[in-house]
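**Q** Sharing a structure below in structure tokens format, with a few things to ask.
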Amino acid sequence: DLLTFSILACKGCLKQPDLFGVPLSRGDYPIRGEQPSSPVAFTPKETPQIGLTLTLTLTLTLTVPRVKQRGASWTGRLRGSPASRQEAVRDAFRHAWKGYKAFAWGHDELQPLSKSYSEWFGLGLTIIDALDTMWILELREEFEEARRWVATELSFNRNVDVNLFESTIRILGGLLSTYHLTGDPLFLSKAEDMGSRLMPAFNTPSKIPYSDVNIGRGTAHPPHWTSDSTVAEVTSIQLEFRELSRLTQQPQYQAAVAQVMERVHVLEGKLDGLVPMFINTNSGQFTHQGVYTLGARADSYYEYLLKQWIQGGRKEDQLLEDYLQAIEGVKKNLLQRSSPTGLTFVGELSHGQFSPKMDHLVCFLPGVLALGAHNGLPADHMDLAKELMKTCYQMYVQMETGLSPEIVHFNMYEGSSRDMDVKLADRHNLLRPETVESLFYLYRLTKDPVYQDWGFQILQNFNKYAKVPSGGYTSINNVRDPEFPSPRDKMESFFLGETLKYLYLLFSEDPNLISLDRYVFNTEAHPLPIWTSAE
């Protein structure tokens with residue numbers, strides 16, 4: 001989309017290449033959110049008198065990219081080869097790792113502004129989450145120092161409570177993935193140790209697991225305030241436990257998580273395949289029924305229906321049946337369009353009342369839909385994936401920092417001036433991966449370079465608003481304020497484990513780099529192998 005204009009030159013202009021006071025080269029132009037300066041008045045300078053007066057009319061045609069207005073999709077190509085963009089991701093990882101290594105080594109997560117750390121489980125979460133990212137990014141020096149820490153310092157024999165879901169997707173998944181990528185038995189040994197320590201969570205009356213496990217004492221319990229677990233947490237650990245059984249030839253891991261899926265499959269309380277957010281560990285029944293969302297507490301249930309089906313060689317019809325029914329339920333109950341520009345979005349339903357609230361977490365859905373279409377599911381799933389991908393991109397570009405908030409509320413009524421609003425409490429950005437994750441799938445499966453461009457914009461905005469000079473990146477509190485986005489002083493482990501990994505893969509031109517026909521990613525971006533027919 002180009003602007004073309006002509007310049008009328010005057011006497012003597014050929015002798016004065018700087019006649020217009022500005023260079024005639026293309027130069028750099030704003031990518032997003034910046035308004036151009038006032039149009040340059042091309043006023044000729046005073047021309048010295050010479051003996052012979054020659055009047056010459058010269059027409060110069062310049063083409064420059066149209067400056068993108070905030071909220072409008074960028075349709076031109078950003079500069080930078082895929083290889084240079086991959087190197088930019090490596091640079092971002094090195095910078096994040098620099099901060100973690102200097103101020104948080106061996107601890108769970110970096111607090112980059114205070115040059116300190118925060119503990120969740122006390123298990124070096126960032127190191128384990130980032131292992132396979134370092135391997136994929138070919139950062140061998142960083143990988144080797146992380147491996148040495150795993151070999152000499154990492155112990156799960158600790159009196160500490162861990163969350164079953166988070167420790168499964170980050171630690172167990174990270175170790176299993178790294179084992180497959182490297183072939184190093186150290187990581188399988190650690191994975192088996194961790195997996196066995198998580199098994200007490202399944203010792204419940206209903207076999208629906210508790211949310212918390214003490215991995216040193218071998219005890220488990222629900223949160224102190226409820227006997228419920230969230231549906232997403234108990235149905236998004238299956239890929240990892242199934243794979244652990246396959247590798248170790250110990251069937252108890254797969255059996256435990258299979259019971260959960262069997263139970264959820266037959267439960268009453270679904271709406272066209274959509275599930276409530278909570279399930280009771282004593283009764284095995286859904287609780288707090290009537291609320292349906294693809295956001296927090298339910299999101300990865302839908303993701304793992306499809307991915308388990310793919311992992312197992314597309315043989316488990318019950319999983320596919322539940323997935324297809326759920327997608328139809330989304331279309332029927334949760335899909336709407338915004339005003340004024342008609343963005344397709346996924347809202348929520350609460351006791352029959354529709355809410356135009358969409359979490360950034362829901363931006364996993366375009367990638368999952370595209371992956372399903374790649375595996376032979378209806379072609380209109382890919383069409384919907386592309387529409388939702390545009391919406392997730394707009395959640396970034398319509399913000400003044402070019403970074404998405406945690407939650408948006410879409411406008412649905414005619415006369416709205418903008419498609420989305422953001423409540424003050426929802427304006428934070430945690431460096432989440434879901435949008436760049438889906439961009440990776442959409443580019444890998446369509447080869448449309450616009451998805452790479454969108455991802456590169458996001459990376460640039462992370463560098464502009466979240467990068468901490470001394471090392472690391474920080475989440476921010478206010479994506480609507482580019483002057484003071486209010487840093488939160490925390491770098492989540494998933495920034496290294498997921499966000500940067502998906503960006504690197506997005507910029508890859510090699511479809512065999514973690515091939516989608518050989519691997520399936522867990523919900524923490526750790527690739528696990530698809531089982532062959534013999535398995």
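Identifiers for the structure tokens are assigned positionally: chains receive A, B, ... in sequence, residues are indexed from 1 per chain, and ligands are indexed from 1 in the order shown.
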Give me, as a ChimeraX atom specification, all polymer residues having an atom no more than 12 Å from Thr182 in chain A, counting only C-alpha atoms and skipping those fewer than 2 positions away in the same chain.

**A** /A:131-136,138,140,143-144,147,175-180,184-188

**Q** Would you return as a count of residues only the members of range 319-427 of chain A that DSSP assigns to alpha helix (DSSP H) on this structure's backbone?

**A** 43

**Q** Show me a table, sorted first by chain and then by increasing residue number, of the residues of range 224-285 of chain A having an atom at most 12 Å from range 343-349 of chain A, each with its shortest atom pair and the distance in Å to one decimal, counting only C-alpha atoms and written as CSV.

**A**
residue,atom,partner,partner_atom,distance
A:Leu271,CA,A:Leu349,CA,10.1
A:Leu274,CA,A:Leu349,CA,10.2
A:Val275,CA,A:Leu349,CA,11.1
A:Pro276,CA,A:Leu349,CA,10.2
A:Met277,CA,A:Glu348,CA,11.6

**Q** Could you please write out, as a ChimeraX atom specification, every residue of range 228-421 of chain A that DSSP assigns to strand (DSSP E or B)?

**A** /A:228-230,271,274,278-280,286-287,291-292,335-337,344-346,348-350,353-355,357-359,407-410,420-421

**Q** Next, dump the selected residues to file, keeping only C-alpha atoms, as a PDB file, in the first residue's frame.

**A**
ATOM      1  CA  ASP A 228     -12.411 -28.400  43.522  1.00  0.00           C
ATOM      2  CA  SER A 229      -9.810 -28.603  40.800  1.00  0.00           C
ATOM      3  CA  THR A 230     -10.053 -26.613  37.587  1.00  0.00           C
ATOM      4  CA  LEU A 271     -23.223 -27.221  26.789  1.00  0.00           C
ATOM      5  CA  LEU A 274     -18.326 -26.879  26.263  1.00  0.00           C
ATOM      6  CA  PHE A 278     -14.447 -26.546  37.964  1.00  0.00           C
ATOM      7  CA  ILE A 279     -14.702 -30.200  38.919  1.00  0.00           C
ATOM      8  CA  ASN A 280     -14.913 -31.654  42.424  1.00  0.00           C
ATOM      9  CA  PHE A 286     -18.693 -30.418  37.551  1.00  0.00           C
ATOM     10  CA  THR A 287     -19.303 -27.549  39.963  1.00  0.00           C
ATOM     11  CA  VAL A 291     -20.214 -20.608  33.049  1.00  0.00           C
ATOM     12  CA  TYR A 292     -18.470 -21.452  29.780  1.00  0.00           C
ATOM     13  CA  LEU A 335     -18.608 -16.615  18.551  1.00  0.00           C
ATOM     14  CA  GLN A 336     -19.597 -13.010  17.773  1.00  0.00           C
ATOM     15  CA  ARG A 337     -18.442 -10.018  15.731  1.00  0.00           C
ATOM     16  CA  THR A 344     -14.567 -12.237  14.993  1.00  0.00           C
ATOM     17  CA  PHE A 345     -14.053 -12.972  18.685  1.00  0.00           C
ATOM     18  CA  VAL A 346     -14.752 -15.656  21.291  1.00  0.00           C
ATOM     19  CA  GLU A 348     -18.036 -16.144  27.406  1.00  0.00           C
ATOM     20  CA  LEU A 349     -21.406 -17.419  28.549  1.00  0.00           C
ATOM     21  CA  SER A 350     -22.604 -17.110  32.139  1.00  0.00           C
ATOM     22  CA  GLN A 353     -25.915 -14.320  29.393  1.00  0.00           C
ATOM     23  CA  PHE A 354     -23.270 -13.614  26.759  1.00  0.00           C
ATOM     24  CA  SER A 355     -20.252 -11.521  27.750  1.00  0.00           C
ATOM     25  CA  LYS A 357     -14.932 -10.702  27.273  1.00  0.00           C
ATOM     26  CA  MET A 358     -11.950 -12.399  25.661  1.00  0.00           C
ATOM     27  CA  ASP A 359      -8.762 -13.368  27.471  1.00  0.00           C
ATOM     28  CA  ILE A 407      -8.261  -9.229  28.754  1.00  0.00           C
ATOM     29  CA  VAL A 408     -10.318  -7.163  26.311  1.00  0.00           C
ATOM     30  CA  HIS A 409     -14.039  -6.472  26.093  1.00  0.00           C
ATOM     31  CA  PHE A 410     -15.381  -6.149  22.565  1.00  0.00           C
ATOM     32  CA  MET A 420     -12.437  -3.157  21.989  1.00  0.00           C
ATOM     33  CA  ASP A 421     -12.115  -1.604  25.416  1.00  0.00           C
TER      34      ASP A 421
END

**Q** Under the rule that only C-alpha atoms are counted, which of A:Lys115, A:Arg197, A:His221, A:Arg94 is the nearest residue to Thr474 in chain A?

**A**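 Of A:Lys115, A:Arg197, A:His221, A:Arg94, the one nearest Thr474 in chain A is A:Lys115, counting only C-alpha atoms.
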
**Q** Could you check which of A:Pro222, A:Phe202, A:Leu125, A:Arg314 is closest to Ala255 in chain A, using only C-alpha atoms?

**A**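 Distance minimum relative to Ala255 in chain A lands on A:Phe202.
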
**Q** Could you tell me which of A:Phe103, A:Pro112, A:Val422, A:Lys331 comes closest to Ala466 in chain A if we count only C-alpha atoms?

**A**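 Of the candidates, the smallest distance to Ala466 in chain A is held by A:Pro112.
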